[in-house]
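The block underneath contains the structure these notes are about, expressed in structure tokens.
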Amino acid sequence: MEPVSPPKNNNNNNKSNSNNKPIFIKSLPHENKPIIRPNKIIGNKFIPSEDSIFFSESNGKGKLKVRIISAQNLMIEDVCTNSSDPYIKLKSCNESFQATKVIDRDLNPIWDETVLIDIENVNDEILIFDVFDHDLVGSDDFLGFVGIDLSLLPYGIEIETIENLSYAKHGNIKIALTAIDFGLTNLPSSYKKDYSNWRNNLKSLQKNDLTQKMKEGPYNGKITHQDFKICNGYLKRKETKGDVALKFVSYPVLLPLIAFSDIK
């Protein structure tokens, strides 16, 4: 089935369609294939083809398949083991949950875990991947985060990316997303490659990077989980009590307590 350009109208780019089915128009074998205008990257923003159409249900909700594959070069947060025990939380506007198991002592973990999540507002929502180091004592240490604009996902097609972690000196995660019942249609054949290259090369943001001199970020007008806010188009993580790992006792002090607890 070949997608073709819809009739011209006066709507803005990424026209929205909330009918019962996504729009695809068949072209006969003898007909010339339509020319679909290319995607663009302007500053930090990825702009889908002007001919693309965003499909979603009339209530704006949708289902998303998330495959969390792996991470590389994560930060060391456990000084005793010279490593970290990483796991990932997913945060949408309406929920937050641990999406992967904890992998002990591994800065390059492979999870290869898949979850299905319900999204309340597929056209406006930023999905958050929060990466943590699991700690036995005190709060878990923060290893970085990634935000994904769900309105840029193609309809029904898995798209795999390597995402640089923000608020981290180094590290990235490898993920694959499939918008099951929403997303962009009528796209150029290069869309997956163009989108993946943009995400792979998107510069990570550090805590002190937000200044008035920075160009506008890619997320203006979007909404996200309550732990985050959007400043000049960039995601900024709010400071919470859970961000500070409160170590009330050190490991040398803790060891005798652990040994004592084993005595029956």
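Residue names in the structure tokens use chain letters A, B, ... in the order shown, residue numbers from 1 in each chain, and ligand numbers from 1 in the order shown.
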Polymer residues at most 10 Å from segment 162-169 of chain A, only C-alpha atoms, same-chain spacing of 3 or more positions, as a tab-separated table (two decimals) with C-alpha atoms, in the first residue's frame:
chain	number	residue	atom	x	y	z
A	69	ILE	CA	16.94	-2.95	25.05
A	70	SER	CA	20.14	-1.89	26.80
A	71	ALA	CA	22.36	0.90	28.12
A	72	GLN	CA	26.01	1.77	27.65
A	73	ASN	CA	28.69	3.63	29.57
A	74	LEU	CA	26.50	4.51	32.55
A	75	MET	CA	27.94	6.52	35.43
A	129	PHE	CA	12.79	7.28	30.71
A	130	ASP	CA	14.36	7.79	34.15
A	131	VAL	CA	17.50	5.73	34.81
A	142	PHE	CA	19.91	9.17	39.57
A	143	LEU	CA	21.81	8.22	36.38
A	144	GLY	CA	20.05	10.41	33.82
A	145	PHE	CA	16.87	10.68	31.78
A	146	VAL	CA	15.48	10.82	28.24
A	147	GLY	CA	12.26	12.42	26.99
A	148	ILE	CA	10.42	11.25	23.86
A	172	ASN	CA	23.00	6.26	26.74
A	173	ILE	CA	20.09	3.86	26.43
A	174	LYS	CA	18.88	1.86	23.44
A	175	ILE	CA	15.09	1.71	23.04
A	176	ALA	CA	12.49	0.78	20.43
A	196	SER	CA	16.77	7.87	14.27
A	197	ASN	CA	19.73	9.97	13.13
A	199	ARG	CA	17.60	11.30	18.03
A	200	ASN	CA	21.02	9.64	18.03
A	201	ASN	CA	22.74	13.01	17.52
A	202	LEU	CA	20.54	15.05	19.83
A	203	LYS	CA	22.76	16.68	22.43
A	204	SER	CA	22.07	15.71	26.02
A	205	LEU	CA	21.18	18.46	28.47
A	206	GLN	CA	23.03	19.10	31.72
A	207	LYS	CA	21.56	20.70	34.83
A	208	ASN	CA	23.16	24.08	34.28
A	209	ASP	CA	22.73	24.26	30.51
A	235	LEU	CA	12.90	19.22	29.65
A	236	LYS	CA	14.05	20.15	33.13
A	237	ARG	CA	13.89	17.72	36.03
So that I can check the surroundings of Trp111 of chain A, please list as a compact mmCIF listing (two decimals) with N, CA and C atoms, in the first residue's frame every protein, DNA and RNA residue that reaches within 10 Å of it, counting only C-alpha atoms and ignoring chain neighbours fewer than 6 positions away.
# COMPACT_ATOMS: atom_id res chain seq x y z
N ARG A 67 10.06 -1.10 24.06
CA ARG A 67 11.08 -2.14 24.22
C ARG A 67 12.36 -1.47 24.73
N ILE A 68 12.72 -1.79 25.96
CA ILE A 68 13.94 -1.23 26.55
C ILE A 68 15.04 -2.27 26.36
N ILE A 69 15.99 -1.96 25.51
CA ILE A 69 16.94 -2.95 25.05
C ILE A 69 18.18 -3.00 25.94
N SER A 70 18.87 -1.86 26.08
CA SER A 70 20.14 -1.89 26.80
C SER A 70 20.58 -0.47 27.16
N ALA A 71 21.72 -0.39 27.83
CA ALA A 71 22.36 0.90 28.12
C ALA A 71 23.86 0.72 27.98
N PRO A 86 21.77 -0.69 37.67
CA PRO A 86 20.79 0.15 36.98
C PRO A 86 19.44 -0.51 36.73
N TYR A 87 18.44 0.35 36.68
CA TYR A 87 17.10 -0.01 36.23
C TYR A 87 16.44 1.24 35.67
N ILE A 88 15.31 1.08 34.99
CA ILE A 88 14.64 2.21 34.34
C ILE A 88 13.19 2.31 34.79
N ALA A 99 10.07 -0.15 34.95
CA ALA A 99 9.82 -0.88 33.70
C ALA A 99 10.81 -2.00 33.45
N THR A 100 11.93 -2.02 34.17
CA THR A 100 12.91 -3.09 33.99
C THR A 100 13.33 -3.65 35.34
N LYS A 101 13.95 -4.79 35.30
CA LYS A 101 14.55 -5.35 36.51
C LYS A 101 15.85 -4.60 36.82
N VAL A 102 16.33 -4.77 38.03
CA VAL A 102 17.64 -4.24 38.42
C VAL A 102 18.72 -5.22 37.97
N ILE A 103 19.73 -4.72 37.30
CA ILE A 103 20.87 -5.55 36.92
C ILE A 103 22.06 -5.12 37.77
N LYS A 174 19.39 2.31 24.75
CA LYS A 174 18.88 1.86 23.44
C LYS A 174 17.44 1.40 23.64
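You will find atom CA of Lys215 of chain A at 7.5 Å from atom CA of Gly43 of chain A.
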To test your reading of the structure, identify every residue in segment 101-260 of chain A that backbone DSSP assigns to strand (DSSP E or B), and report it as a ChimeraX atom specification. /A:110-119,125-133,141-149,154-155,159-164,166,172-179,183-185,223,228-231,234-237
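Taking atom CA of Lys192 of chain A as the reference point, atom CA of Asn39 of chain A is found at 10.4 Å.
Minimum atom-to-atom distance to Ser190 of chain A, evaluated using only C-alpha atoms, belongs to A:Ile36 out of A:Val115, A:Ile110, A:Leu127, A:Ile36.
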I need the residues of segment 58-199 of chain A that end up classed as helix (DSSP H, G or I) by DSSP on the backbone, written out as a PyMOL selection string. chain A and resi 150-152+191-199
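Residues in contact with Leu153 of chain A at 7 Å, where only C-alpha atoms are counted and same-chain residues fewer than 6 positions away are skipped, are listed as Ala179, Gly183 and Leu184 of chain A.
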Just the selected residues (N, CA and C atoms), exported as a compact mmCIF listing (two decimals), in the first residue's frame, please.
# COMPACT_ATOMS: atom_id res chain seq x y z
N ALA A 179 4.11 2.90 18.09
CA ALA A 179 2.80 3.51 18.33
C ALA A 179 1.74 2.58 17.73
N GLY A 183 -0.22 7.76 15.48
CA GLY A 183 1.07 8.10 14.88
C GLY A 183 0.95 8.76 13.52
N LEU A 184 2.11 9.05 12.95
CA LEU A 184 2.19 9.74 11.67
C LEU A 184 2.04 8.76 10.51
Measure the distance from atom CA of Ser96 of chain A to atom CA of Leu152 of chain A in Å and round it to one decimal. 21.7 Å
So which one's closest to Glu113 of chain A, A:Asn94, A:Asp135, A:Val66, A:Val79? Using only C-alpha atoms, please. A:Val66
Judged by only C-alpha atoms, the minimum distance to Glu95 of chain A among A:Asn59, A:Asp118, A:Glu50, A:Asp141 is found for A:Asp118
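Among the candidates A:Pro218, A:Gly233, A:Gly138, A:Gly156, the one nearest to Thr178 of chain A when counting only C-alpha atoms is A:Gly156.
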Tell me which protein, DNA and RNA residues are within 10 Å of Lys238 of chain A, counting only C-alpha atoms, leaving out same-chain ones fewer than 6 positions away, and put them as a short mmCIF file (atom, residue, chain, number, x, y, z; two decimals) with N, CA and C atoms, in the first residue's frame.
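Below is the file that was written, out14.cif:
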data_model
loop_
_atom_site.label_atom_id
_atom_site.label_comp_id
_atom_site.auth_asym_id
_atom_site.auth_seq_id
_atom_site.Cartn_x
_atom_site.Cartn_y
_atom_site.Cartn_z
N GLN A 226 4.73 15.00 36.19
CA GLN A 226 4.83 16.08 37.17
C GLN A 226 6.23 16.26 37.75
N ASP A 227 7.12 15.27 37.59
CA ASP A 227 8.49 15.41 38.08
C ASP A 227 9.34 16.31 37.17
N PHE A 228 8.76 16.71 36.04
CA PHE A 228 9.50 17.50 35.06
C PHE A 228 8.72 18.74 34.67
N LYS A 229 9.44 19.73 34.15
CA LYS A 229 8.80 20.89 33.56
C LYS A 229 9.52 21.23 32.26
#
